[in-house]
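Okay, data15.txt is below, compact mmCIF, C-alpha atoms:
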```
# COMPACT_ATOMS: atom_id res chain seq x y z
CA MET A 1 -92.57 17.12 30.51
CA GLN A 2 -95.02 15.89 33.14
CA PRO A 3 -94.87 12.08 33.48
CA PHE A 4 -98.02 10.11 32.73
CA SER A 5 -100.11 8.97 35.70
CA TYR A 6 -103.14 6.76 35.06
CA ASN A 7 -104.81 7.78 38.31
CA GLU A 8 -104.38 11.48 37.63
CA ALA A 9 -105.30 11.26 33.94
CA PHE A 10 -108.68 9.73 34.71
CA ILE A 11 -109.39 11.27 38.11
CA ARG A 12 -112.37 13.22 36.73
CA ASN A 13 -114.14 9.91 36.11
CA ILE A 14 -114.30 9.40 39.88
CA GLY A 15 -117.79 10.20 41.06
CA TRP A 16 -119.41 8.48 38.13
CA VAL A 17 -117.25 5.45 38.90
CA THR A 18 -115.57 4.62 42.19
CA GLU A 19 -111.81 4.35 42.57
CA GLU A 20 -112.22 0.58 42.80
CA GLU A 21 -114.26 0.52 39.59
CA GLN A 22 -111.66 2.64 37.81
CA THR A 23 -109.09 0.01 38.72
CA ILE A 24 -111.38 -2.67 37.30
CA LEU A 25 -111.66 -0.74 34.01
CA HIS A 26 -107.87 -0.47 33.89
CA ASP A 27 -107.68 -4.26 33.80
CA LYS A 28 -110.44 -4.87 31.24
CA ARG A 29 -109.84 -5.76 27.58
CA VAL A 30 -112.30 -4.67 24.89
CA ALA A 31 -112.27 -5.74 21.23
CA VAL A 32 -113.19 -3.07 18.68
CA GLY A 33 -113.77 -4.38 15.16
CA GLY A 34 -113.30 -1.57 12.64
CA LEU A 35 -111.86 1.88 13.41
CA GLY A 36 -113.68 4.12 10.96
CA GLY A 37 -117.21 5.35 11.74
CA VAL A 38 -118.35 4.36 15.19
CA GLY A 39 -115.25 2.26 15.87
CA GLY A 40 -112.89 5.20 16.20
CA SER A 41 -115.26 7.01 18.54
CA HIS A 42 -115.87 3.84 20.59
CA LEU A 43 -112.12 3.42 21.01
CA ILE A 44 -111.54 7.03 22.03
CA THR A 45 -114.48 7.07 24.45
CA LEU A 46 -113.47 3.85 26.17
CA THR A 47 -109.84 4.97 26.35
CA ARG A 48 -110.89 8.20 28.08
CA LEU A 49 -113.05 6.15 30.45
CA GLY A 50 -109.86 4.38 31.47
CA VAL A 51 -110.25 0.97 29.85
CA GLY A 52 -106.68 -0.31 29.82
CA LYS A 53 -106.53 -2.99 27.11
CA PHE A 54 -107.84 -3.32 23.57
CA ASN A 55 -107.83 -5.66 20.61
CA ILE A 56 -108.31 -3.42 17.56
CA ALA A 57 -108.70 -4.31 13.88
CA ASP A 58 -108.92 -2.43 10.60
CA LEU A 59 -107.54 -2.88 7.09
CA ASP A 60 -108.60 0.43 5.52
CA THR A 61 -107.02 3.87 5.03
CA PHE A 62 -108.51 7.31 5.65
CA GLN A 63 -109.97 9.02 2.58
CA LEU A 64 -111.88 12.25 1.92
CA PRO A 65 -115.37 10.69 2.14
CA ASN A 66 -114.52 9.78 5.77
CA PHE A 67 -114.14 13.44 6.81
CA ASN A 68 -117.81 14.01 7.71
CA ARG A 69 -117.84 11.50 10.56
CA GLN A 70 -114.69 9.46 11.32
CA TYR A 71 -112.60 10.44 14.34
CA GLY A 72 -109.17 10.00 12.76
CA ALA A 73 -109.95 11.44 9.32
CA ALA A 74 -108.02 14.65 8.51
CA ILE A 75 -105.76 16.14 5.88
CA SER A 76 -102.77 15.00 7.92
CA THR A 77 -103.97 11.38 7.91
CA LEU A 78 -105.06 10.97 4.28
CA ASP A 79 -104.02 7.60 2.84
CA GLN A 80 -102.74 6.48 6.25
CA ALA A 81 -103.92 3.20 7.77
CA LYS A 82 -106.82 3.80 10.14
CA LEU A 83 -105.35 1.32 12.59
CA ASN A 84 -102.01 3.15 12.78
CA VAL A 85 -103.65 6.57 13.16
CA MET A 86 -105.98 5.43 15.92
CA ARG A 87 -103.21 3.50 17.67
CA ARG A 88 -101.11 6.68 17.82
CA THR A 89 -104.10 8.67 19.02
CA VAL A 90 -105.03 6.42 21.94
CA LEU A 91 -101.42 5.90 22.99
CA ASP A 92 -101.16 9.69 23.14
CA ILE A 93 -104.02 9.60 25.65
CA ASN A 94 -102.79 6.60 27.62
CA PRO A 95 -99.25 5.47 26.73
CA GLU A 96 -99.65 2.47 29.04
CA LEU A 97 -102.44 0.87 27.00
CA GLY A 98 -102.18 -2.83 26.28
CA LEU A 99 -102.88 -3.01 22.55
CA ARG A 100 -103.15 -6.02 20.27
CA THR A 101 -103.50 -4.90 16.66
CA PHE A 102 -104.88 -6.68 13.60
CA GLU A 103 -103.74 -4.66 10.60
CA HIS A 104 -105.35 -6.96 8.04
CA GLY A 105 -108.75 -6.77 9.72
CA ILE A 106 -110.81 -9.68 10.99
CA ASP A 107 -111.28 -12.82 8.92
CA LEU A 108 -112.35 -16.40 9.42
CA ASN A 109 -108.80 -17.41 10.27
CA ASN A 110 -108.07 -14.89 13.03
CA VAL A 111 -111.46 -14.25 14.64
CA ASP A 112 -110.66 -16.41 17.67
CA GLU A 113 -107.32 -14.66 18.13
CA PHE A 114 -109.09 -11.30 17.84
CA LEU A 115 -111.50 -12.29 20.61
CA ASP A 116 -108.90 -13.94 22.81
CA GLY A 117 -109.02 -12.70 26.40
CA VAL A 118 -111.61 -9.96 25.78
CA ASP A 119 -114.35 -8.99 28.21
CA LEU A 120 -116.57 -7.25 25.63
CA TYR A 121 -116.90 -6.87 21.87
CA MET A 122 -117.87 -3.49 20.39
CA ASP A 123 -119.18 -3.99 16.87
CA SER A 124 -118.07 -1.33 14.40
CA LEU A 125 -117.56 -3.27 11.19
CA ASP A 126 -118.67 -1.73 7.92
CA ILE A 127 -122.40 -2.13 7.43
CA PHE A 128 -121.76 -4.17 4.29
CA ALA A 129 -119.39 -6.64 5.99
CA VAL A 130 -122.24 -9.04 6.66
CA ASP A 131 -120.44 -12.39 6.57
CA ILE A 132 -117.65 -11.52 9.00
CA ARG A 133 -120.05 -9.64 11.30
CA ARG A 134 -122.18 -12.76 11.59
CA LYS A 135 -119.09 -14.87 12.28
CA VAL A 136 -117.77 -12.53 14.99
CA PHE A 137 -121.10 -12.37 16.78
CA GLN A 138 -121.47 -16.14 16.61
CA ARG A 139 -118.01 -16.66 18.10
CA CYS A 140 -118.82 -14.13 20.84
CA TYR A 141 -121.92 -16.13 21.64
CA ASP A 142 -120.01 -19.42 21.61
CA LEU A 143 -117.27 -17.99 23.86
CA GLY A 144 -119.62 -16.23 26.29
CA ILE A 145 -118.52 -12.70 25.35
CA PRO A 146 -121.08 -9.87 25.57
CA ALA A 147 -121.40 -7.92 22.32
CA ILE A 148 -122.82 -4.47 21.53
CA THR A 149 -123.85 -3.02 18.19
CA ALA A 150 -124.86 0.65 18.08
CA ALA A 151 -125.71 1.95 14.63
CA PRO A 152 -125.65 5.65 13.68
CA MET A 153 -129.07 6.19 12.16
CA GLY A 154 -129.38 9.64 10.62
CA MET A 155 -129.04 12.04 13.53
CA GLY A 156 -129.63 9.41 16.15
CA THR A 157 -128.57 5.95 17.20
CA ALA A 158 -130.15 2.58 17.83
CA PHE A 159 -128.45 -0.16 19.78
CA LEU A 160 -128.74 -3.82 20.64
CA VAL A 161 -126.84 -5.83 23.22
CA PHE A 162 -126.30 -9.57 22.88
CA LEU A 163 -125.54 -11.32 26.16
CA PRO A 164 -124.28 -14.86 26.75
CA GLY A 165 -127.15 -17.32 27.10
CA LYS A 166 -129.75 -14.84 25.84
CA MET A 167 -131.07 -14.25 22.32
CA SER A 168 -128.24 -14.52 19.80
CA PHE A 169 -127.43 -12.31 16.81
CA GLU A 170 -128.50 -15.06 14.41
CA GLU A 171 -131.76 -15.70 16.24
CA TYR A 172 -132.58 -12.00 16.17
CA PHE A 173 -131.55 -10.93 12.66
CA CYS A 174 -132.45 -14.12 10.71
CA LEU A 175 -130.10 -13.43 7.76
CA GLU A 176 -129.43 -16.95 6.54
CA GLY A 177 -130.09 -17.50 2.81
CA LEU A 178 -130.89 -13.89 1.95
CA SER A 179 -129.35 -11.73 -0.78
CA LEU A 180 -126.79 -9.13 0.29
CA GLU A 181 -129.31 -6.32 -0.28
CA ASP A 182 -131.93 -8.02 1.88
CA GLN A 183 -129.37 -8.81 4.59
CA ILE A 184 -128.34 -5.15 4.80
CA ILE A 185 -131.92 -3.93 4.95
CA ARG A 186 -132.81 -6.53 7.58
CA PHE A 187 -129.78 -5.53 9.61
CA ILE A 188 -130.83 -1.86 9.49
CA VAL A 189 -134.46 -2.65 10.31
CA GLY A 190 -133.37 -5.08 13.00
CA VAL A 191 -131.10 -2.61 14.78
CA SER A 192 -133.65 0.21 14.51
CA PRO A 193 -137.15 -1.32 14.40
CA SER A 194 -138.78 2.11 14.85
CA MET A 195 -136.85 3.45 11.81
CA GLN A 196 -137.24 7.02 13.08
CA GLN A 197 -134.63 8.27 10.64
CA ARG A 198 -136.86 7.50 7.66
CA HIS A 199 -138.99 10.56 8.46
CA TYR A 200 -136.28 13.06 7.47
CA LEU A 201 -134.43 11.31 4.66
CA VAL A 202 -134.56 14.20 2.19
CA THR A 203 -132.71 12.57 -0.74
CA LYS A 204 -133.58 8.95 -1.41
CA SER A 205 -130.84 8.76 -4.03
CA GLY A 206 -128.37 9.01 -1.12
CA VAL A 207 -129.18 5.39 -0.32
CA ASN A 208 -128.19 2.66 -2.75
CA ILE A 209 -127.63 -0.68 -1.07
CA LEU A 210 -126.45 -2.42 -4.25
CA LYS A 211 -123.75 0.23 -4.74
CA GLN A 212 -122.88 0.10 -1.02
CA LYS A 213 -123.89 3.72 -0.55
CA VAL A 214 -125.57 5.00 2.62
CA PRO A 215 -125.58 8.52 4.12
CA SER A 216 -124.23 9.29 7.58
CA THR A 217 -123.64 12.12 10.03
CA CYS A 218 -121.14 12.76 12.80
CA ILE A 219 -124.15 13.37 15.06
CA GLY A 220 -125.22 9.75 14.73
CA ILE A 221 -121.64 8.54 15.21
CA GLU A 222 -121.05 10.44 18.46
CA LEU A 223 -124.46 9.55 19.88
CA ALA A 224 -123.78 5.89 19.04
CA ALA A 225 -120.45 6.00 20.88
CA GLY A 226 -122.00 7.63 23.94
CA VAL A 227 -124.89 5.19 24.15
CA ALA A 228 -122.83 2.08 23.38
CA CYS A 229 -120.05 2.97 25.80
CA ALA A 230 -122.57 3.66 28.58
CA GLN A 231 -123.76 0.08 28.11
CA ALA A 232 -120.15 -1.07 28.02
CA ILE A 233 -119.53 0.49 31.45
CA LYS A 234 -122.52 -1.35 32.89
CA ILE A 235 -121.35 -4.66 31.44
CA LEU A 236 -117.68 -4.28 32.37
CA LEU A 237 -118.49 -3.22 35.93
CA GLY A 238 -121.47 -5.52 36.44
CA ARG A 239 -123.68 -2.55 37.18
CA GLY A 240 -127.44 -3.01 37.08
CA LYS A 241 -129.77 -4.22 34.37
CA VAL A 242 -128.62 -4.18 30.75
CA ILE A 243 -131.27 -4.01 28.03
CA HIS A 244 -130.60 -6.86 25.62
CA ALA A 245 -132.09 -8.41 22.51
CA PRO A 246 -134.93 -8.69 21.68
CA TYR A 247 -135.17 -5.32 23.48
CA GLY A 248 -133.41 -2.26 22.13
CA LEU A 249 -133.39 1.53 22.28
CA HIS A 250 -133.45 4.16 19.54
CA PHE A 251 -132.79 7.80 20.38
CA ASP A 252 -133.16 10.36 17.61
CA GLY A 253 -131.72 13.79 18.33
CA TYR A 254 -133.37 15.38 15.31
CA ARG A 255 -136.85 14.25 16.32
CA ASN A 256 -136.26 14.59 20.09
CA SER A 257 -137.57 11.08 20.44
CA LEU A 258 -136.62 8.00 22.45
CA VAL A 259 -138.24 4.68 21.54
CA LYS A 260 -137.79 1.44 23.44
CA THR A 261 -138.34 -1.49 21.11
CA TRP A 262 -139.27 -5.11 21.78
CA ARG A 263 -139.25 -7.58 18.93
CA PRO A 264 -139.78 -11.14 20.14
CA LEU A 265 -138.74 -13.48 17.32
CA GLY A 266 -136.49 -10.69 16.02
CA ASN A 267 -136.87 -10.17 12.28
CA ARG A 268 -139.42 -12.98 12.14
CA ASN A 269 -141.77 -10.73 14.09
CA PRO A 270 -144.74 -9.61 11.90
CA LEU A 271 -143.96 -5.95 12.66
CA GLN A 272 -140.44 -6.45 11.38
CA LYS A 273 -141.61 -8.17 8.22
CA TYR A 274 -143.96 -5.26 7.55
CA MET A 275 -141.22 -2.68 8.16
CA PHE A 276 -138.84 -4.61 5.92
CA TRP A 277 -141.43 -4.44 3.13
CA ARG A 278 -142.01 -0.73 3.74
CA ILE A 279 -138.34 0.18 3.67
CA LYS A 280 -137.73 -1.78 0.47
CA ARG A 281 -140.59 0.14 -1.16
CA LEU A 282 -139.23 3.44 0.17
CA LEU A 283 -135.75 2.80 -1.21
CA ARG A 284 -137.15 1.77 -4.57
CA GLY A 285 -139.31 4.88 -4.76
CA ALA A 286 -142.57 2.92 -4.75
```
Produce structure tokens that represent the structure in this file.
Amino acid sequence: MQPFSYNEAFIRNIGWVTEEEQTILHDKRVAVGGLGGVGGSHLITLTRLGVGKFNIADLDTFQLPNFNRQYGAAISTLDQAKLNVMRRTVLDINPELGLRTFEHGIDLNNVDEFLDGVDLYMDSLDIFAVDIRRKVFQRCYDLGIPAITAAPMGMGTAFLVFLPGKMSFEEYFCLEGLSLEDQIIRFIVGVSPSMQQRHYLVTKSGVNILKQKVPSTCIGIELAAGVACAQAIKILLGRGKVIHAPYGLHFDGYRNSLVKTWRPLGNRNPLQKYMFWRIKRLLRGA
């Protein structure tokens, strides 16, 4: 069997990155919180880009409803821990990876350990995991760690980047004191202020925030990974300007549309308040 060679395995990256930059990526550590949905695709994409170290966390197992979008979901992995499946997968791509694993997920007690030594945080927690998402982003801000959230929205993706010393997650999303339903809706509206996906939601019953039910597609997942990891490359290599909150981008493949958003004051912006009201009415069939 041919022995593994990092330089040879990722030689086709050269041209889009220099040999020196590939070496830099080899030495970078990225934290990926959650390995279902976008998390699995983030991890695979960054591994194939040659990132050499990861902190990864997940406490769930693969089930049939994951099959439409999650990288590791298959008959052969049913009931298996997502973390174990994705760990095997990436080590099969790069057996030299430096992995730190958190098999019980991220909680208030281990968040600092999860973020220890990382150069970038890629958000991929479940959309309903509001409390721990807020905590992770706050600790990233406190520790000076750049953080990216790219949400699969229908057949597109919207992303926000939070950089040290710039607008924080809390300042942008303004979730304090809200009900869980309102926090989820504000997170969705905050990530994708243009809400392009609302134009082709064909079955409103597919969305029920109180029952933690939202539709998804693999199209949105893969676009999210591509867009988020492109930003990751720029951050990890210090390449050029990175769009950051309160600016964001939303590309929708179904509508062939790219919208650059700017929401000063974040969800306190009057446009955001109006969209929040509109989406609540839409979901309630008003």
Pairwise distance, atom CA of Ile14 of chain A with atom CA of Leu120 of chain A, equals 22.0 Å
Mind listing whatever residues come within 10 Å of the point (-122.3, -6.2, 26.8)? Use only C-alpha atoms, file coordinates, and give them as a short mmCIF file (atom, residue, chain, number, x, y, z; two decimals) with C-alpha atoms, in the frame of the given file.
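This is the output file out19.cif:
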```cif
data_model
loop_
_atom_site.label_atom_id
_atom_site.label_comp_id
_atom_site.auth_asym_id
_atom_site.auth_seq_id
_atom_site.Cartn_x
_atom_site.Cartn_y
_atom_site.Cartn_z
CA ASP A 119 -114.35 -8.99 28.21
CA LEU A 120 -116.57 -7.25 25.63
CA TYR A 121 -116.90 -6.87 21.87
CA MET A 122 -117.87 -3.49 20.39
CA ILE A 145 -118.52 -12.70 25.35
CA PRO A 146 -121.08 -9.87 25.57
CA ALA A 147 -121.40 -7.92 22.32
CA ILE A 148 -122.82 -4.47 21.53
CA THR A 149 -123.85 -3.02 18.19
CA LEU A 160 -128.74 -3.82 20.64
CA VAL A 161 -126.84 -5.83 23.22
CA PHE A 162 -126.30 -9.57 22.88
CA LEU A 163 -125.54 -11.32 26.16
CA PRO A 164 -124.28 -14.86 26.75
CA ALA A 228 -122.83 2.08 23.38
CA CYS A 229 -120.05 2.97 25.80
CA GLN A 231 -123.76 0.08 28.11
CA ALA A 232 -120.15 -1.07 28.02
CA ILE A 233 -119.53 0.49 31.45
CA LYS A 234 -122.52 -1.35 32.89
CA ILE A 235 -121.35 -4.66 31.44
CA LEU A 236 -117.68 -4.28 32.37
CA GLY A 238 -121.47 -5.52 36.44
CA VAL A 242 -128.62 -4.18 30.75
CA ILE A 243 -131.27 -4.01 28.03
CA HIS A 244 -130.60 -6.86 25.62
#
```
Restricting the calculation to all atoms listed in the file, which member of A:Gly248, A:Gly240, A:Gly52, A:Gly154 is positioned closest to Thr261 of chain A?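 Smallest distance to Thr261 of chain A is found for A:Gly248.
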Using only C-alpha atoms, which of A:Cys174, A:Cys218, A:Leu108, A:Val202 sits nearest Asn269 of chain A? A:Cys174
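Closest approach to Val51 of chain A among A:Gln196, A:Asn68, A:Gln183, A:Asn13: A:Asn13, based on only C-alpha atoms.
With atom CA of Lys166 of chain A on one side and atom CA of Ala245 of chain A on the other, the separation reads 7.6 Å.
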Residue neighbourhood segment 104-106 of chain A, 7 Å, only C-alpha atoms, exclusion window fewer than 3 positions, as a PyMOL selection string: chain A and resi 57-59+110-111
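Minimum atom-to-atom distance to Gly266 of chain A, evaluated using all atoms listed in the file, belongs to A:Glu170 out of A:Asp182, A:Glu170, A:Glu103, A:Glu176.
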Per-residue nearest contacts of segment 62-87 of chain A to segment 91-97 of chain A (12 Å; all atoms listed in the file) as a tab-separated table:
```
residue	atom	partner	partner_atom	distance
A:Asn84	CA	A:Leu91	CA	10.6
A:Val85	CA	A:Leu91	CA	10.1
A:Met86	CA	A:Leu91	CA	8.4
A:Arg87	CA	A:Leu91	CA	6.1
```
Can you tell me which residues surround Val214 of chain A at a distance of at most 12 Å, considering all atoms listed in the file, apart from same-chain residues fewer than 3 positions away, and format the answer as a PyMOL selection string? chain A and resi 65+126-128+152-154+184-185+188+201+203-211+217+283
Nearest to Ser192 of chain A among A:Leu282, A:Ala81, A:Leu249, A:Val17, with distances taken over all atoms listed in the file: which residue is it?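 With all atoms listed in the file as the atom set, the closest residue is A:Leu249.
When atom CA of Leu178 of chain A is paired with atom CA of Arg281 of chain A, their separation reads 17.3 Å.
Closest approach to Ala129 of chain A among A:Asn109, A:Asn7, A:Gln212, A:Ser194 is made by A:Gln212 (distances from all atoms listed in the file).
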Ref. answer, residues at most 10 Å from (-113.9, 4.6, 8.3) with all atoms listed in the file, as a PDB file with C-alpha atoms, keeping the file's coordinate frame:
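Output file result.pdb follows:
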```pdb
ATOM      1  CA  GLY A  34    -113.300  -1.570  12.640  1.00  0.00           C
ATOM      2  CA  LEU A  35    -111.860   1.880  13.410  1.00  0.00           C
ATOM      3  CA  GLY A  36    -113.680   4.120  10.960  1.00  0.00           C
ATOM      4  CA  GLY A  37    -117.210   5.350  11.740  1.00  0.00           C
ATOM      5  CA  VAL A  38    -118.350   4.360  15.190  1.00  0.00           C
ATOM      6  CA  GLY A  39    -115.250   2.260  15.870  1.00  0.00           C
ATOM      7  CA  GLY A  40    -112.890   5.200  16.200  1.00  0.00           C
ATOM      8  CA  ASP A  58    -108.920  -2.430  10.600  1.00  0.00           C
ATOM      9  CA  LEU A  59    -107.540  -2.880   7.090  1.00  0.00           C
ATOM     10  CA  ASP A  60    -108.600   0.430   5.520  1.00  0.00           C
ATOM     11  CA  THR A  61    -107.020   3.870   5.030  1.00  0.00           C
ATOM     12  CA  PHE A  62    -108.510   7.310   5.650  1.00  0.00           C
ATOM     13  CA  GLN A  63    -109.970   9.020   2.580  1.00  0.00           C
ATOM     14  CA  PRO A  65    -115.370  10.690   2.140  1.00  0.00           C
ATOM     15  CA  ASN A  66    -114.520   9.780   5.770  1.00  0.00           C
ATOM     16  CA  PHE A  67    -114.140  13.440   6.810  1.00  0.00           C
ATOM     17  CA  ARG A  69    -117.840  11.500  10.560  1.00  0.00           C
ATOM     18  CA  GLN A  70    -114.690   9.460  11.320  1.00  0.00           C
ATOM     19  CA  TYR A  71    -112.600  10.440  14.340  1.00  0.00           C
ATOM     20  CA  GLY A  72    -109.170  10.000  12.760  1.00  0.00           C
ATOM     21  CA  ALA A  73    -109.950  11.440   9.320  1.00  0.00           C
ATOM     22  CA  LYS A  82    -106.820   3.800  10.140  1.00  0.00           C
ATOM     23  CA  SER A 124    -118.070  -1.330  14.400  1.00  0.00           C
ATOM     24  CA  LEU A 125    -117.560  -3.270  11.190  1.00  0.00           C
ATOM     25  CA  ASP A 126    -118.670  -1.730   7.920  1.00  0.00           C
TER      26      ASP A 126
END
```
Can you pull out every residue within 12 Å of Arg268 of chain A, counting all atoms listed in the file, but drop anything in the same chain fewer than 4 positions away, and send it as a PyMOL selection string? chain A and resi 170-175+186+189-190+246+263-264+272-276
Show me, as a list in words, the residues that have an atom within 8 Å of Phe54 of chain A when counting only C-alpha atoms, minus same-chain residues fewer than 5 positions from it. Arg29, Val30, Ala31, Val32, Leu97, Gly98, Leu99, Arg100 and Val118 of chain A
The selected residues should be written to file as a compact mmCIF listing (two decimals), keeping the file's coordinate frame (atoms: C-alpha atoms).
```txt
# COMPACT_ATOMS: atom_id res chain seq x y z
CA ARG A 29 -109.84 -5.76 27.58
CA VAL A 30 -112.30 -4.67 24.89
CA ALA A 31 -112.27 -5.74 21.23
CA VAL A 32 -113.19 -3.07 18.68
CA LEU A 97 -102.44 0.87 27.00
CA GLY A 98 -102.18 -2.83 26.28
CA LEU A 99 -102.88 -3.01 22.55
CA ARG A 100 -103.15 -6.02 20.27
CA VAL A 118 -111.61 -9.96 25.78
```
Show me, as a PyMOL selection string, the residues that have an atom within 8 Å of Ile24 of chain A when counting all atoms listed in the file, minus same-chain residues fewer than 4 positions from it. chain A and resi 20+28+237
